[in-house]
$ cat my_file-v7.csv   # CSV, C-alpha atoms
chain,number,residue,atom,x,y,z
A,18,MET,CA,-72.9,70.6,-10.8
A,19,ALA,CA,-70.7,67.6,-11.7
A,20,PHE,CA,-71.5,65.1,-14.4
A,21,ALA,CA,-71.9,61.3,-14.5
A,22,ILE,CA,-69.5,59.9,-17.1
A,23,MET,CA,-70.1,56.6,-18.8
A,24,ARG,CA,-68.5,55.5,-22.1
A,25,PHE,CA,-68.0,52.2,-23.7
A,26,GLU,CA,-66.2,50.5,-26.5
A,27,LYS,CA,-67.3,47.4,-28.4
A,28,LEU,CA,-64.5,44.8,-28.8
A,29,LYS,CA,-64.9,42.0,-31.3
A,30,THR,CA,-61.6,40.1,-31.4
A,31,GLY,CA,-59.0,38.7,-29.0
A,32,ILE,CA,-56.2,41.3,-29.6
A,33,PRO,CA,-58.3,44.4,-28.5
A,34,ILE,CA,-59.8,42.4,-25.6
A,35,ASN,CA,-56.3,41.3,-24.4
A,36,GLY,CA,-55.1,44.9,-24.7
A,37,ALA,CA,-58.1,46.2,-22.6
A,38,VAL,CA,-57.5,43.5,-20.0
A,39,SER,CA,-53.7,44.2,-19.8
A,40,HIS,CA,-54.5,47.9,-19.3
A,41,ILE,CA,-57.0,47.4,-16.5
A,42,THR,CA,-54.7,44.9,-14.7
A,43,ARG,CA,-51.7,47.1,-15.2
A,44,SER,CA,-49.8,44.2,-16.8
A,45,ARG,CA,-48.5,46.6,-19.4
A,46,PRO,CA,-47.0,50.0,-18.9
A,47,THR,CA,-49.6,52.7,-18.2
A,48,PRO,CA,-47.8,56.1,-18.3
A,49,ASN,CA,-50.6,58.1,-16.7
A,50,ALA,CA,-50.9,55.7,-13.7
A,51,ASP,CA,-48.8,56.2,-10.6
A,52,PRO,CA,-47.1,52.9,-9.6
A,53,ALA,CA,-46.9,54.1,-6.0
A,54,ARG,CA,-50.7,54.3,-5.8
A,55,ARG,CA,-51.3,50.9,-7.5
A,56,HIS,CA,-52.3,49.4,-4.1
A,57,LEU,CA,-55.3,51.8,-4.0
A,58,ASN,CA,-57.0,50.1,-7.0
A,59,ARG,CA,-60.0,48.0,-6.1
A,60,THR,CA,-61.8,45.0,-7.5
A,61,ILE,CA,-65.6,45.4,-7.4
A,62,VAL,CA,-66.7,42.4,-9.6
A,63,GLY,CA,-64.8,39.4,-10.7
A,64,PRO,CA,-61.2,38.2,-10.5
A,65,ALA,CA,-58.5,40.3,-8.7
A,66,ASP,CA,-57.5,43.5,-10.4
A,67,THR,CA,-54.0,42.0,-11.0
A,68,ASP,CA,-55.0,38.7,-12.5
A,69,SER,CA,-55.3,39.3,-16.2
A,70,LYS,CA,-55.4,35.5,-17.0
A,71,ALA,CA,-58.4,35.0,-14.7
A,72,ILE,CA,-60.2,38.0,-16.3
A,73,ARG,CA,-59.6,36.6,-19.8
A,74,GLU,CA,-60.8,33.2,-18.6
A,75,ALA,CA,-64.0,34.8,-17.2
A,76,ILE,CA,-64.7,36.4,-20.6
A,77,GLU,CA,-64.1,33.1,-22.4
A,78,GLU,CA,-66.3,31.2,-20.0
A,79,ARG,CA,-69.2,33.6,-20.5
A,80,THR,CA,-68.8,33.7,-24.3
A,81,PRO,CA,-70.9,31.1,-26.1
A,82,ALA,CA,-69.1,28.3,-27.9
A,83,LYS,CA,-70.4,29.4,-31.3
A,84,PHE,CA,-70.6,33.1,-32.3
A,85,ARG,CA,-70.5,35.1,-35.5
A,86,LYS,CA,-67.1,36.2,-36.6
A,87,ASP,CA,-68.2,39.9,-36.5
A,88,ALA,CA,-70.0,39.7,-33.1
A,89,VAL,CA,-69.3,42.1,-30.3
A,90,ARG,CA,-67.6,39.7,-27.8
A,91,MET,CA,-67.2,42.3,-25.0
A,92,MET,CA,-68.0,45.8,-24.1
A,93,GLU,CA,-65.5,47.7,-22.0
A,94,PHE,CA,-67.1,50.5,-20.0
A,95,MET,CA,-65.3,53.4,-18.4
A,96,ILE,CA,-67.2,55.0,-15.7
A,97,SER,CA,-66.3,58.2,-13.7
A,98,ALA,CA,-67.6,61.6,-12.8
A,99,SER,CA,-66.3,65.1,-13.4
A,100,PRO,CA,-62.9,65.6,-11.7
A,101,GLU,CA,-64.3,68.3,-9.4
A,102,TRP,CA,-66.7,65.8,-7.9
A,103,PHE,CA,-63.8,63.8,-6.5
A,104,GLN,CA,-62.0,66.7,-4.9
A,105,ASP,CA,-64.2,66.9,-1.8
A,106,ALA,CA,-65.5,63.4,-1.7
A,107,PRO,CA,-64.2,61.1,1.0
A,108,PRO,CA,-62.8,57.7,-0.1
A,109,GLU,CA,-65.9,55.8,1.2
A,110,ARG,CA,-68.2,58.0,-0.9
A,111,ILE,CA,-66.0,57.4,-4.0
A,112,ASP,CA,-66.2,53.6,-3.4
A,113,GLN,CA,-70.0,53.9,-3.0
A,114,TYR,CA,-70.2,55.7,-6.3
A,115,PHE,CA,-68.4,52.9,-8.2
A,116,ASP,CA,-70.3,50.2,-6.3
A,117,SER,CA,-73.5,51.8,-7.4
A,118,ALA,CA,-72.3,52.0,-11.0
A,119,ALA,CA,-71.4,48.3,-11.0
A,120,GLU,CA,-74.8,47.5,-9.6
A,121,TRP,CA,-76.4,49.6,-12.4
A,122,LEU,CA,-74.4,47.6,-15.0
A,123,ARG,CA,-75.5,44.3,-13.4
A,124,SER,CA,-79.2,45.4,-13.4
A,125,LYS,CA,-78.9,46.6,-17.1
A,126,PHE,CA,-76.9,43.7,-18.6
A,127,GLY,CA,-77.5,40.9,-16.1
A,128,HIS,CA,-75.2,39.8,-13.2
A,129,ALA,CA,-73.6,37.0,-15.1
A,130,ASN,CA,-72.7,39.3,-18.1
A,131,VAL,CA,-70.6,41.7,-16.0
A,132,VAL,CA,-67.5,39.6,-15.6
A,133,SER,CA,-65.1,42.3,-14.2
A,134,ALA,CA,-65.3,45.8,-12.7
A,135,ILE,CA,-62.1,47.4,-11.4
A,136,GLN,CA,-61.8,50.8,-9.8
A,137,HIS,CA,-58.6,52.7,-10.6
A,138,ASN,CA,-57.4,55.2,-8.0
A,139,ASP,CA,-53.8,55.3,-9.3
A,140,GLU,CA,-54.6,58.0,-11.9
A,141,THR,CA,-55.5,61.7,-11.5
A,142,THR,CA,-59.2,61.1,-11.7
A,143,PRO,CA,-60.6,57.9,-10.2
A,144,HIS,CA,-62.6,55.8,-12.6
A,145,MET,CA,-63.9,52.2,-13.1
A,146,HIS,CA,-63.4,49.8,-16.0
A,147,ALA,CA,-66.0,47.1,-16.4
A,148,MET,CA,-66.0,44.2,-18.8
A,149,VAL,CA,-69.5,43.1,-20.1
A,150,VAL,CA,-70.0,40.1,-22.3
A,151,PRO,CA,-73.3,40.9,-24.0
A,152,VAL,CA,-75.1,37.5,-23.9
A,153,ASP,CA,-78.8,37.8,-24.6
A,154,PRO,CA,-80.7,36.0,-21.8
A,155,GLU,CA,-83.5,35.0,-24.2
A,156,THR,CA,-81.3,33.4,-26.9
A,157,GLY,CA,-78.0,32.7,-25.2
A,158,ARG,CA,-76.2,34.4,-28.1
A,159,LEU,CA,-73.9,37.4,-28.2
A,160,ASN,CA,-76.2,40.4,-28.9
A,161,ALA,CA,-74.8,43.9,-28.1
A,162,LYS,CA,-77.6,45.4,-30.2
A,163,ARG,CA,-80.1,44.4,-27.6
A,164,TRP,CA,-78.7,47.0,-25.3
A,165,VAL,CA,-76.8,49.5,-27.4
A,166,GLY,CA,-78.2,49.3,-30.9
A,167,GLY,CA,-78.8,52.8,-32.3
A,168,ARG,CA,-78.5,56.4,-31.1
A,169,GLY,CA,-81.8,56.3,-29.3
A,170,LYS,CA,-80.8,53.4,-27.1
A,171,LEU,CA,-77.4,55.0,-26.4
A,172,ARG,CA,-79.1,58.3,-25.3
A,173,GLU,CA,-81.5,56.3,-23.2
A,174,MET,CA,-78.7,54.4,-21.5
A,175,GLN,CA,-76.7,57.6,-20.8
A,176,SER,CA,-79.8,59.2,-19.2
A,177,ALA,CA,-80.7,56.0,-17.2
A,178,PHE,CA,-77.1,55.8,-15.8
A,179,ALA,CA,-77.1,59.5,-14.8
A,180,ASP,CA,-80.5,59.1,-13.1
A,181,TRP,CA,-79.3,56.0,-11.2
A,182,GLN,CA,-76.2,58.0,-10.0
A,183,SER,CA,-78.1,61.2,-9.2
A,184,SER,CA,-78.1,60.6,-5.5
A,185,PHE,CA,-74.4,61.3,-5.6
A,186,GLY,CA,-74.9,64.8,-6.8
A,187,VAL,CA,-74.1,64.2,-10.5
A,188,GLU,CA,-76.3,64.8,-13.5
A,189,ARG,CA,-76.4,64.0,-17.2
A,190,GLY,CA,-74.6,66.2,-19.6
A,191,LYS,CA,-76.5,67.7,-22.5
A,192,PRO,CA,-77.7,65.1,-25.0
A,193,ARG,CA,-75.9,65.4,-28.4
$ encode --input "my_file-v7.csv" --output "structure tokens"
Amino acid sequence: MAFAIMRFEKLKTGIPINGAVSHITRSRPTPNADPARRHLNRTIVGPADTDSKAIREAIEERTPAKFRKDAVRMMEFMISASPEWFQDAPPERIDQYFDSAAEWLRSKFGHANVVSAIQHNDETTPHMHAMVVPVDPETGRLNAKRWVGGRGKLREMQSAFADWQSSFGVERGKPR
């Protein structure tokens, strides 16, 4: 059985955010990406997958005017499945997998907080990068802890994502 894969990284300052955006838009060299397959990449949420300026602007627009210096300004998610899952899956099914994953992110973090989701088909294993600005709907402040604070919440989130994607024939890996 193939596994659902979801990882994320918390980004706090502009330099790592700019680096993540330039990677997903391919505006900097990406050695493991095939330039001849670049046209196969697909924007699922937000600005076009080639428009790094518009993605950075979307992040800035969603970020509150005032925030703590050490606040998590953005969470970059990388979502995929075990490589063997993609071997026999038709392109439409792969697109459905990533559309479903983007919908899970929107249901979990709020539609407005998911500012970008881009599917990369120009690498060996298809995957999606999603940019989430963790604005708490109750306070209007940046608050990544609301969703990903502590091991228990992270375990819960991994399980919930795998359950959401289970109709695609993927499952959660062993916890821990």
$ residues_around --input "my_file-v7.csv" --residues "Thr42 (chain A)" --least-positions-apart "3" --cutoff "7 Å" --atoms "all atoms listed in the file" --output "CSV table (one decimal) with C-alpha atoms, in the frame of the given file"
chain,number,residue,atom,x,y,z
A,38,VAL,CA,-57.5,43.5,-20.0
A,39,SER,CA,-53.7,44.2,-19.8
A,66,ASP,CA,-57.5,43.5,-10.4
A,67,THR,CA,-54.0,42.0,-11.0
A,68,ASP,CA,-55.0,38.7,-12.5
A,69,SER,CA,-55.3,39.3,-16.2
$ atom_distance --input "my_file-v7.csv" --atom1 "CA of Ile32 (chain A)" --atom2 "CA of Arg73 (chain A)"
11.4 Å
$ closest_residue --input "my_file-v7.csv" --among "A:Glu120, A:Glu188, A:Asp112, A:Asp139" --to "Gln175 (chain A)" --atoms "all atoms listed in the file"
A:Glu188
$ residues_around --input "my_file-v7.csv" --residues "Tyr114 (chain A)" --least-positions-apart "2" --cutoff "12 Å" --atoms "only C-alpha atoms" --output "count of residues only"
34
$ closest_residue --input "my_file-v7.csv" --among "A:Met23, A:Ala65, A:Met174, A:Ala88" --to "Arg43 (chain A)" --atoms "all atoms listed in the file"
A:Ala65
$ atom_distance --input "my_file-v7.csv" --atom1 "CA of Glu74 (chain A)" --atom2 "CA of Val132 (chain A)"
9.7 Å
$ closest_residue --input "my_file-v7.csv" --among "A:Val89, A:Met18, A:Ala161, A:Ala75" --to "Val131 (chain A)" --atoms "only C-alpha atoms"
A:Ala75
$ closest_atom_pairs --input "my_file-v7.csv" --of "region 112-141 of chain A" --to "region 150-157 of chain A" --cutoff "12 Å" --atoms "all atoms listed in the file" --output "tab-separated table"
residue	atom	partner	partner_atom	distance
A:Leu122	CA	A:Pro151	CA	11.3
A:Arg123	CA	A:Val150	CA	11.3
A:Lys125	CA	A:Pro151	CA	10.6
A:Phe126	CA	A:Pro151	CA	7.1
A:Gly127	CA	A:Pro154	CA	8.2
A:His128	CA	A:Val150	CA	10.5
A:Ala129	CA	A:Val150	CA	8.6
A:Asn130	CA	A:Val150	CA	5.1
A:Val131	CA	A:Val150	CA	6.5
A:Val132	CA	A:Val150	CA	7.2
A:Ser133	CA	A:Val150	CA	9.7
$ residues_around --input "my_file-v7.csv" --residues "His40 (chain A)" --least-positions-apart "5" --cutoff "12 Å" --atoms "all atoms listed in the file" --output "PyMOL selection string"
chain A and resi 33-35+45-50+66-69+72+93+135+137+146-147
$ write_last_selection --input "my_file-v7.csv" --atoms "C-alpha atoms" --output "short mmCIF file (atom, residue, chain, number, x, y, z; two decimals), in the coordinates of the input"
data_model
loop_
_atom_site.label_atom_id
_atom_site.label_comp_id
_atom_site.auth_asym_id
_atom_site.auth_seq_id
_atom_site.Cartn_x
_atom_site.Cartn_y
_atom_site.Cartn_z
CA PRO A 33 -58.30 44.40 -28.50
CA ILE A 34 -59.80 42.40 -25.60
CA ASN A 35 -56.30 41.30 -24.40
CA ARG A 45 -48.50 46.60 -19.40
CA PRO A 46 -47.00 50.00 -18.90
CA THR A 47 -49.60 52.70 -18.20
CA PRO A 48 -47.80 56.10 -18.30
CA ASN A 49 -50.60 58.10 -16.70
CA ALA A 50 -50.90 55.70 -13.70
CA ASP A 66 -57.50 43.50 -10.40
CA THR A 67 -54.00 42.00 -11.00
CA ASP A 68 -55.00 38.70 -12.50
CA SER A 69 -55.30 39.30 -16.20
CA ILE A 72 -60.20 38.00 -16.30
CA GLU A 93 -65.50 47.70 -22.00
CA ILE A 135 -62.10 47.40 -11.40
CA HIS A 137 -58.60 52.70 -10.60
CA HIS A 146 -63.40 49.80 -16.00
CA ALA A 147 -66.00 47.10 -16.40
#
$ closest_residue --input "my_file-v7.csv" --among "A:Arg59, A:Met91, A:Arg158, A:Pro100" --to "Phe20 (chain A)" --atoms "all atoms listed in the file"
A:Pro100
$ closest_residue --input "my_file-v7.csv" --among "A:Pro64, A:Phe115, A:Glu140, A:Arg172" --to "Gly190 (chain A)" --atoms "all atoms listed in the file"
A:Arg172
$ closest_residue --input "my_file-v7.csv" --among "A:Ala37, A:Val165, A:Leu159, A:Ile76" --to "Met95 (chain A)" --atoms "all atoms listed in the file"
A:Ala37
$ atom_distance --input "my_file-v7.csv" --atom1 "CA of Arg168 (chain A)" --atom2 "CA of Gly36 (chain A)"
26.8 Å
$ decode --input "my_file-v7.csv" --residues "region 54-163 of chain A" --atoms "C-alpha atoms" --output "PDB file, in the first residue's frame"
ATOM      1  CA  ARG A  54       8.598  19.268 -18.326  1.00  0.00           C
ATOM      2  CA  ARG A  55       8.075  22.692 -16.699  1.00  0.00           C
ATOM      3  CA  HIS A  56       4.866  23.256 -18.694  1.00  0.00           C
ATOM      4  CA  LEU A  57       3.313  20.259 -16.865  1.00  0.00           C
ATOM      5  CA  ASN A  58       3.317  22.111 -13.519  1.00  0.00           C
ATOM      6  CA  ARG A  59      -0.085  23.349 -12.417  1.00  0.00           C
ATOM      7  CA  THR A  60      -1.443  26.118 -10.199  1.00  0.00           C
ATOM      8  CA  ILE A  61      -4.216  24.866  -7.915  1.00  0.00           C
ATOM      9  CA  VAL A  62      -4.649  27.873  -5.588  1.00  0.00           C
ATOM     10  CA  GLY A  63      -3.484  31.452  -5.928  1.00  0.00           C
ATOM     11  CA  PRO A  64      -1.313  33.282  -8.454  1.00  0.00           C
ATOM     12  CA  ALA A  65       0.235  31.544 -11.460  1.00  0.00           C
ATOM     13  CA  ASP A  66       3.032  29.075 -10.759  1.00  0.00           C
ATOM     14  CA  THR A  67       5.512  31.340 -12.576  1.00  0.00           C
ATOM     15  CA  ASP A  68       4.636  34.603 -10.799  1.00  0.00           C
ATOM     16  CA  SER A  69       6.869  34.800  -7.729  1.00  0.00           C
ATOM     17  CA  LYS A  70       6.106  38.495  -7.194  1.00  0.00           C
ATOM     18  CA  ALA A  71       2.336  37.856  -7.041  1.00  0.00           C
ATOM     19  CA  ILE A  72       2.807  34.965  -4.584  1.00  0.00           C
ATOM     20  CA  ARG A  73       4.984  37.117  -2.304  1.00  0.00           C
ATOM     21  CA  GLU A  74       2.347  39.880  -2.510  1.00  0.00           C
ATOM     22  CA  ALA A  75      -0.406  37.391  -1.582  1.00  0.00           C
ATOM     23  CA  ILE A  76       1.618  36.365   1.484  1.00  0.00           C
ATOM     24  CA  GLU A  77       2.164  40.013   2.465  1.00  0.00           C
ATOM     25  CA  GLU A  78      -1.523  40.878   1.961  1.00  0.00           C
ATOM     26  CA  ARG A  79      -2.599  38.021   4.235  1.00  0.00           C
ATOM     27  CA  THR A  80      -0.003  38.818   6.920  1.00  0.00           C
ATOM     28  CA  PRO A  81      -1.322  41.187   9.623  1.00  0.00           C
ATOM     29  CA  ALA A  82       0.295  44.649   9.725  1.00  0.00           C
ATOM     30  CA  LYS A  83       1.677  44.011  13.214  1.00  0.00           C
ATOM     31  CA  PHE A  84       3.204  40.714  14.283  1.00  0.00           C
ATOM     32  CA  ARG A  85       5.827  39.456  16.694  1.00  0.00           C
ATOM     33  CA  LYS A  86       9.383  39.373  15.425  1.00  0.00           C
ATOM     34  CA  ASP A  87       9.582  35.608  16.100  1.00  0.00           C
ATOM     35  CA  ALA A  88       6.127  34.740  14.694  1.00  0.00           C
ATOM     36  CA  VAL A  89       5.716  32.022  12.070  1.00  0.00           C
ATOM     37  CA  ARG A  90       4.763  34.082   9.015  1.00  0.00           C
ATOM     38  CA  MET A  91       4.200  31.185   6.677  1.00  0.00           C
ATOM     39  CA  MET A  92       4.070  27.403   6.626  1.00  0.00           C
ATOM     40  CA  GLU A  93       5.272  25.702   3.467  1.00  0.00           C
ATOM     41  CA  PHE A  94       3.644  22.303   2.939  1.00  0.00           C
ATOM     42  CA  MET A  95       5.008  19.616   0.652  1.00  0.00           C
ATOM     43  CA  ILE A  96       2.386  17.016  -0.198  1.00  0.00           C
ATOM     44  CA  SER A  97       2.863  13.859  -2.210  1.00  0.00           C
ATOM     45  CA  ALA A  98       2.396  10.089  -2.053  1.00  0.00           C
ATOM     46  CA  SER A  99       4.750   7.123  -2.254  1.00  0.00           C
ATOM     47  CA  PRO A 100       6.429   7.067  -5.695  1.00  0.00           C
ATOM     48  CA  GLU A 101       4.828   3.720  -6.594  1.00  0.00           C
ATOM     49  CA  TRP A 102       1.342   5.276  -6.316  1.00  0.00           C
ATOM     50  CA  PHE A 103       2.117   7.548  -9.278  1.00  0.00           C
ATOM     51  CA  GLN A 104       3.391   4.768 -11.552  1.00  0.00           C
ATOM     52  CA  ASP A 105      -0.042   3.492 -12.599  1.00  0.00           C
ATOM     53  CA  ALA A 106      -2.161   6.550 -11.842  1.00  0.00           C
ATOM     54  CA  PRO A 107      -3.528   8.429 -14.882  1.00  0.00           C
ATOM     55  CA  PRO A 108      -2.796  12.197 -14.978  1.00  0.00           C
ATOM     56  CA  GLU A 109      -6.439  13.050 -14.106  1.00  0.00           C
ATOM     57  CA  ARG A 110      -6.246  10.935 -10.939  1.00  0.00           C
ATOM     58  CA  ILE A 111      -2.991  12.616  -9.938  1.00  0.00           C
ATOM     59  CA  ASP A 112      -4.616  16.038 -10.402  1.00  0.00           C
ATOM     60  CA  GLN A 113      -7.592  14.896  -8.297  1.00  0.00           C
ATOM     61  CA  TYR A 114      -5.217  13.764  -5.528  1.00  0.00           C
ATOM     62  CA  PHE A 115      -3.613  17.202  -5.326  1.00  0.00           C
ATOM     63  CA  ASP A 116      -6.939  19.062  -5.683  1.00  0.00           C
ATOM     64  CA  SER A 117      -8.217  17.022  -2.730  1.00  0.00           C
ATOM     65  CA  ALA A 118      -5.061  17.806  -0.725  1.00  0.00           C
ATOM     66  CA  ALA A 119      -5.508  21.544  -1.389  1.00  0.00           C
ATOM     67  CA  GLU A 120      -9.125  21.273  -0.260  1.00  0.00           C
ATOM     68  CA  TRP A 121      -7.969  19.563   2.948  1.00  0.00           C
ATOM     69  CA  LEU A 122      -5.543  22.436   3.620  1.00  0.00           C
ATOM     70  CA  ARG A 123      -8.330  24.971   3.053  1.00  0.00           C
ATOM     71  CA  SER A 124     -10.696  23.112   5.365  1.00  0.00           C
ATOM     72  CA  LYS A 125      -7.994  22.826   8.044  1.00  0.00           C
ATOM     73  CA  PHE A 126      -6.460  26.332   7.881  1.00  0.00           C
ATOM     74  CA  GLY A 127      -9.213  28.386   6.236  1.00  0.00           C
ATOM     75  CA  HIS A 128      -9.632  29.296   2.559  1.00  0.00           C
ATOM     76  CA  ALA A 129      -8.056  32.746   2.942  1.00  0.00           C
ATOM     77  CA  ASN A 130      -4.961  31.390   4.717  1.00  0.00           C
ATOM     78  CA  VAL A 131      -3.970  29.068   1.840  1.00  0.00           C
ATOM     79  CA  VAL A 132      -2.442  31.655  -0.493  1.00  0.00           C
ATOM     80  CA  SER A 133      -0.738  29.323  -2.971  1.00  0.00           C
ATOM     81  CA  ALA A 134      -0.731  25.657  -3.999  1.00  0.00           C
ATOM     82  CA  ILE A 135       1.357  24.511  -6.957  1.00  0.00           C
ATOM     83  CA  GLN A 136       1.622  20.981  -8.314  1.00  0.00           C
ATOM     84  CA  HIS A 137       5.066  20.066  -9.656  1.00  0.00           C
ATOM     85  CA  ASN A 138       5.135  17.420 -12.365  1.00  0.00           C
ATOM     86  CA  ASP A 139       8.617  18.342 -13.599  1.00  0.00           C
ATOM     87  CA  GLU A 140      10.430  16.180 -11.036  1.00  0.00           C
ATOM     88  CA  THR A 141      10.656  12.393 -10.673  1.00  0.00           C
ATOM     89  CA  THR A 142       7.781  12.164  -8.188  1.00  0.00           C
ATOM     90  CA  PRO A 143       4.859  14.598  -8.552  1.00  0.00           C
ATOM     91  CA  HIS A 144       4.228  16.713  -5.478  1.00  0.00           C
ATOM     92  CA  MET A 145       2.527  19.919  -4.383  1.00  0.00           C
ATOM     93  CA  HIS A 146       3.900  22.910  -2.505  1.00  0.00           C
ATOM     94  CA  ALA A 147       1.370  24.976  -0.583  1.00  0.00           C
ATOM     95  CA  MET A 148       1.916  28.274   1.201  1.00  0.00           C
ATOM     96  CA  VAL A 149      -0.234  28.840   4.300  1.00  0.00           C
ATOM     97  CA  VAL A 150      -0.247  32.083   6.293  1.00  0.00           C
ATOM     98  CA  PRO A 151      -1.415  30.959   9.779  1.00  0.00           C
ATOM     99  CA  VAL A 152      -3.807  33.781  10.680  1.00  0.00           C
ATOM    100  CA  ASP A 153      -6.022  32.796  13.615  1.00  0.00           C
ATOM    101  CA  PRO A 154      -9.647  33.496  12.612  1.00  0.00           C
ATOM    102  CA  GLU A 155     -10.573  34.354  16.209  1.00  0.00           C
ATOM    103  CA  THR A 156      -7.832  36.907  16.896  1.00  0.00           C
ATOM    104  CA  GLY A 157      -6.651  37.992  13.422  1.00  0.00           C
ATOM    105  CA  ARG A 158      -3.057  37.366  14.545  1.00  0.00           C
ATOM    106  CA  LEU A 159      -0.409  34.986  13.272  1.00  0.00           C
ATOM    107  CA  ASN A 160      -0.735  31.819  15.346  1.00  0.00           C
ATOM    108  CA  ALA A 161       0.818  28.630  13.937  1.00  0.00           C
ATOM    109  CA  LYS A 162       0.535  26.978  17.374  1.00  0.00           C
ATOM    110  CA  ARG A 163      -3.242  26.860  16.957  1.00  0.00           C
TER     111      ARG A 163
END
